[in-house]
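The structure appears right after this line, and notes come after that.
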Amino acid sequence: VAEGELARLGNDAELALLRAAGADIAVIAGLPPPGKAAVGERLVLATQTACAAGDLAPPAGVAGVVADVADGGVLFIYDEAALPPPAVLVIRKRMATPLTTPAAERALRALAKNADGAVGSLADGADDVTAPSAEGVAAFHAHLQELSGAPVSPDDAPVVFTAGLPALASLWAALGAGGGVDVLMCSTAYGGSSQVTDLFSERVPAGLRKHTFDIQGRGTQLVGAIGAKLTAMAQSGTELLGTTLVMVEIPTNPDMKVPNLTELVGAIGAYKAASGKDVVLLVDTTFAPGSKVLAKLAEQDPELAAMVFVSMSKSVSRGRTTAGGLVANGTELSRALLARVRAAADAFDTVARIDQLGVLVDNHEGVEGRCAEAYGNARTVGAALVAAVRQATGADMPLAFVSEVSAEMGFTSPTFSFNLPPPAKGGNEAAAALAQRFVDLLCRNKARFKPCVSFGQDNGLVYATVPATSTQGAIKAEDKAKQAVGGVQLVRLSFPVSCDREALTKEVEAAVKDAYA
């Protein structure tokens with residue numbers, strides 16, 4: 001780095017967070033001597049300011065040049081052997097995020113202005129994004145706390161990120177830098193959540209250890225699985241790290257299970273008493289962002305430290321931008337942890353950008369009603385699907401869907417999953433192919449269905465996918481195999497806010513008929 005950058009980029013607290021994320025990093029004033037782009041085991045990067053005259057071509061011995069964060073934070077790679085782009089992309093995908101479209105356009109315009117080879121400031125690019133008002137952002141933060149069931153407090157405003165996974169990365173780093181964390185999560189949780197946790201556990205095992213519980217299969221009790229694993233952890237004889245974090249998707253993905261909160265709080269309390277450890281419950285509310293789950297948990301145990309994690313590229317933004325958020329309840333432990341997460345987000349530069357905040361401010365209002373409408377669409381078409389399968393096969397196919405009681409509590413998921421009955425002919429091969437074949441049959445009508453892994457959309461389309469080959473790409477094959485019934489994998493359908501229920505019912509009935517023809 002340049003001499004003037006040393007104090008800022010050599011900040012001990014931020015370097016500690018980077019080390020908690022697996023970086024072996026040293027910040028040095030000046031440029032390396034001519035040589036290889038990796039000195040010993042160290043990869044050499046240089047800031048743009050440190051490079052002579054800001055040229056695009058770096059001095060010898062530098063694998064890449066980093067433009068200042070104020071200039072967009074672009075990384076220019078020159079030695080792909082020392083700094084392989086695929087490895088960078090994995091970290092960016094799971095721990096940060098790609099540039100948003102407005103930011104990318106801004107960067108490209110700036111580079112186009114400097115086609116002579118000199119790198120100018122990315123601030124030279126025109127910026128058409130208007131920042132939302134402070135009042136609008138404050139109202140959004142307050143609403144996010146209300147949706148989560150947290151006390152509305154500007155002093156503990158939610159941390160809003162460029163995407164969902166950077167929120168988890170900052171949380172894992174903050175906990176890793178503060179004594180370490182044992183993370184307990186579902187073995188079939190969203191693949192991105194699983195992979196970012198794996199990255200930390202593999203790179204910094206002294207800072208994060210990952211434990212899993214299984215919920216696959218009909219009739220499996222969610223709290224029973226969590227409680228059994230917590231008991232095993234407490235009795236294992238292995239020294240636990242400073243904090244234990246239990247991460248639960250409510251509803252779960254793709255099973256759509258909602259736990260008994262009284263039993264869940266009881267299981268966590270028993271573990272806390274047995275282990276003597278600080279425990280944080282992290283609830284992923286992405287499928288039902290308006291459940292007010294933190295308030296429900298506080299009714300059971302007001303001393304339980306709990307946080308909400310929500311991916312807001314779904315219902316909250318109506319699918320119009322990427323974003324993620326962390327919300328703390330009123331306990332001292334969760335509030336202190338949120339402050340540490342905020343510092344990590346600043347260090348990693350993964351706080352939401354102006355264009356993202358603008359979309360969130362413009363679209364967060366009404367999310368409760370939108371979720372209720374989408375849930376109603378899913379319930380109506382889901383009933384028609386079950387009836388069509390019964391007519392075609394004679395089998396009563398259960399839907400993995402939130403119950404009406406759970407929906408009345410605010411867990412209004414727009415999504416359900418199901419295992420179609422295996423076909424009468426074709427054996428194991430036909431059974432294994434049936435889930436994807438059914439998705440393909442639905443998506444013949446591109447005006448009503450789309451093969452897509454997301455949900456929370458407000459575009460009139462039903463999103464159809466096979467989780468085992470999409471959202472669960474990072475999940476172990478043996479864990480995904482437990483979801484299959486009769487050799488048939490789960491299909492997941494996610495419904496929009498507005499749709500023609502009658503037309504969708506006809507499409508579903510036709511797809512079922514053709515699947516078993």
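Labeling convention for the structure tokens: chains A, B, ... as they appear, residues from 1 per chain, ligands from 1 in order of appearance.
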
**OP:** Mind checking which residues fall within 8 Å of Gly179 (chain A), counting only C-alpha atoms, ignoring those fewer than 3 positions away in the same chain, and posting them as number ranges by chain?
**Re:** A: 175-176, 207, 241-243

Write the residues of the preceding selection, restricted to C-alpha atoms, as a JSON list (two decimals), in the first residue's frame.
[["chain", "number", "residue", "atom", "x", "y", "z"],
["A", 175, "LEU", "CA", -18.30, -14.61, 16.29],
["A", 176, "GLY", "CA", -15.03, -16.16, 15.16],
["A", 207, "GLY", "CA", -13.10, -19.97, 14.92],
["A", 241, "LEU", "CA", -16.12, -22.80, 21.51],
["A", 242, "GLY", "CA", -17.17, -19.52, 23.14],
["A", 243, "THR", "CA", -20.69, -19.28, 21.71]]

Original post:
Hey, what's within 9 Å of Thr231 (chain A) if we count only C-alpha atoms and toss same-chain stuff fewer than 6 positions away? As a PyMOL selection string, please?
Top reply: chain A and resi 267+270-271+274

**OP:** Excluding Leu281 (chain A) and any residue of its chain fewer than 3 positions from it, enumerate the residues within 7 Å of it, using only C-alpha atoms, and give them as a count of residues only.
**Re:** 6

Original post:
Between A:Pro98, A:Gly136, A:Gly217, A:Pro254, which has the minimum distance to Leu357 (chain A) (counting only C-alpha atoms)?
Top reply: A:Gly136

Subject >> Filtered DSSP result for region 199-402 of chain A, state strand (DSSP E or B), as a ChimeraX atom specification >> reply: /A:208-213,243-249,278-284,305-311,324-328,351,400

What does the file look like for those residues with N, CA and C atoms, as a CSV table (one decimal), in the first residue's frame?
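What ended up in part19.csv:
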chain,number,residue,atom,x,y,z
A,208,LEU,N,-14.8,-21.5,13.9
A,208,LEU,CA,-16.1,-21.9,13.7
A,208,LEU,C,-16.1,-23.4,13.4
A,209,ARG,N,-17.0,-24.1,14.1
A,209,ARG,CA,-17.2,-25.5,13.9
A,209,ARG,C,-18.7,-25.7,13.5
A,210,LYS,N,-18.9,-26.5,12.5
A,210,LYS,CA,-20.3,-26.7,12.0
A,210,LYS,C,-20.8,-28.1,12.4
A,211,HIS,N,-22.0,-28.1,12.9
A,211,HIS,CA,-22.7,-29.3,13.3
A,211,HIS,C,-24.1,-29.3,12.6
A,212,THR,N,-24.6,-30.4,12.3
A,212,THR,CA,-25.9,-30.5,11.5
A,212,THR,C,-26.8,-31.5,12.2
A,213,PHE,N,-28.1,-31.2,11.9
A,213,PHE,CA,-29.2,-32.1,12.3
A,213,PHE,C,-30.0,-32.4,11.0
A,243,THR,N,-19.2,-19.5,21.9
A,243,THR,CA,-20.7,-19.3,21.7
A,243,THR,C,-21.2,-20.4,20.9
A,244,THR,N,-22.5,-20.8,21.2
A,244,THR,CA,-23.2,-21.8,20.3
A,244,THR,C,-24.3,-21.0,19.6
A,245,LEU,N,-24.4,-21.2,18.3
A,245,LEU,CA,-25.5,-20.6,17.6
A,245,LEU,C,-26.3,-21.7,16.9
A,246,VAL,N,-27.6,-21.6,17.2
A,246,VAL,CA,-28.5,-22.6,16.5
A,246,VAL,C,-29.2,-21.8,15.4
A,247,MET,N,-29.1,-22.3,14.2
A,247,MET,CA,-29.7,-21.6,13.0
A,247,MET,C,-30.9,-22.5,12.6
A,248,VAL,N,-32.0,-21.9,12.5
A,248,VAL,CA,-33.2,-22.6,12.1
A,248,VAL,C,-34.0,-21.8,11.0
A,249,GLU,N,-34.3,-22.4,9.9
A,249,GLU,CA,-35.2,-21.8,8.9
A,249,GLU,C,-36.6,-22.0,9.4
A,278,ASP,N,-22.9,-19.5,26.2
A,278,ASP,CA,-23.8,-18.5,25.6
A,278,ASP,C,-24.4,-19.1,24.4
A,279,VAL,N,-25.7,-18.9,24.2
A,279,VAL,CA,-26.4,-19.5,23.0
A,279,VAL,C,-27.2,-18.3,22.3
A,280,VAL,N,-27.1,-18.3,21.0
A,280,VAL,CA,-27.8,-17.4,20.2
A,280,VAL,C,-28.7,-18.3,19.2
A,281,LEU,N,-30.0,-17.9,19.2
A,281,LEU,CA,-30.9,-18.6,18.2
A,281,LEU,C,-31.0,-17.6,17.0
A,282,LEU,N,-30.6,-18.1,15.8
A,282,LEU,CA,-30.7,-17.4,14.6
A,282,LEU,C,-31.9,-18.0,13.7
A,283,VAL,N,-32.9,-17.2,13.5
A,283,VAL,CA,-34.0,-17.7,12.7
A,283,VAL,C,-34.0,-17.1,11.3
A,284,ASP,N,-34.0,-17.9,10.3
A,284,ASP,CA,-34.0,-17.5,8.9
A,284,ASP,C,-35.5,-17.4,8.5
A,305,ALA,N,-31.3,-14.9,23.8
A,305,ALA,CA,-30.7,-14.1,22.7
A,305,ALA,C,-31.1,-14.6,21.3
A,306,ALA,N,-31.8,-13.8,20.6
A,306,ALA,CA,-32.2,-14.3,19.3
A,306,ALA,C,-32.1,-13.2,18.2
A,307,MET,N,-31.9,-13.6,17.0
A,307,MET,CA,-31.7,-12.7,15.8
A,307,MET,C,-32.5,-13.3,14.7
A,308,VAL,N,-32.9,-12.4,13.8
A,308,VAL,CA,-33.5,-12.8,12.5
A,308,VAL,C,-32.5,-12.6,11.4
A,309,PHE,N,-32.4,-13.6,10.5
A,309,PHE,CA,-31.7,-13.4,9.2
A,309,PHE,C,-32.7,-13.5,8.1
A,310,VAL,N,-32.7,-12.6,7.2
A,310,VAL,CA,-33.7,-12.6,6.1
A,310,VAL,C,-33.0,-12.2,4.8
A,311,SER,N,-33.3,-13.0,3.8
A,311,SER,CA,-32.8,-12.6,2.4
A,311,SER,C,-33.9,-11.7,1.8
A,324,GLY,N,-29.8,-8.5,2.1
A,324,GLY,CA,-29.9,-9.4,3.2
A,324,GLY,C,-30.0,-8.5,4.5
A,325,GLY,N,-30.5,-9.1,5.5
A,325,GLY,CA,-30.6,-8.3,6.8
A,325,GLY,C,-30.4,-9.1,8.0
A,326,LEU,N,-29.9,-8.5,9.1
A,326,LEU,CA,-29.9,-9.1,10.4
A,326,LEU,C,-30.5,-8.2,11.4
A,327,VAL,N,-31.4,-8.8,12.2
A,327,VAL,CA,-32.2,-8.0,13.2
A,327,VAL,C,-32.0,-8.7,14.5
A,328,ALA,N,-31.7,-7.9,15.6
A,328,ALA,CA,-31.5,-8.4,16.9
A,328,ALA,C,-32.8,-8.2,17.8
A,351,VAL,N,-22.1,-3.7,3.1
A,351,VAL,CA,-23.3,-3.0,3.4
A,351,VAL,C,-24.1,-2.7,2.1
A,400,ALA,N,-45.6,-30.9,1.4
A,400,ALA,CA,-44.7,-30.3,2.4
A,400,ALA,C,-45.0,-28.8,2.4

**OP:** Counting only C-alpha atoms, figure out which residue out of A:Ala206, A:Ala347, A:Met312, A:Val466 gets nearest to Phe140 (chain A).
**Re:** A:Met312
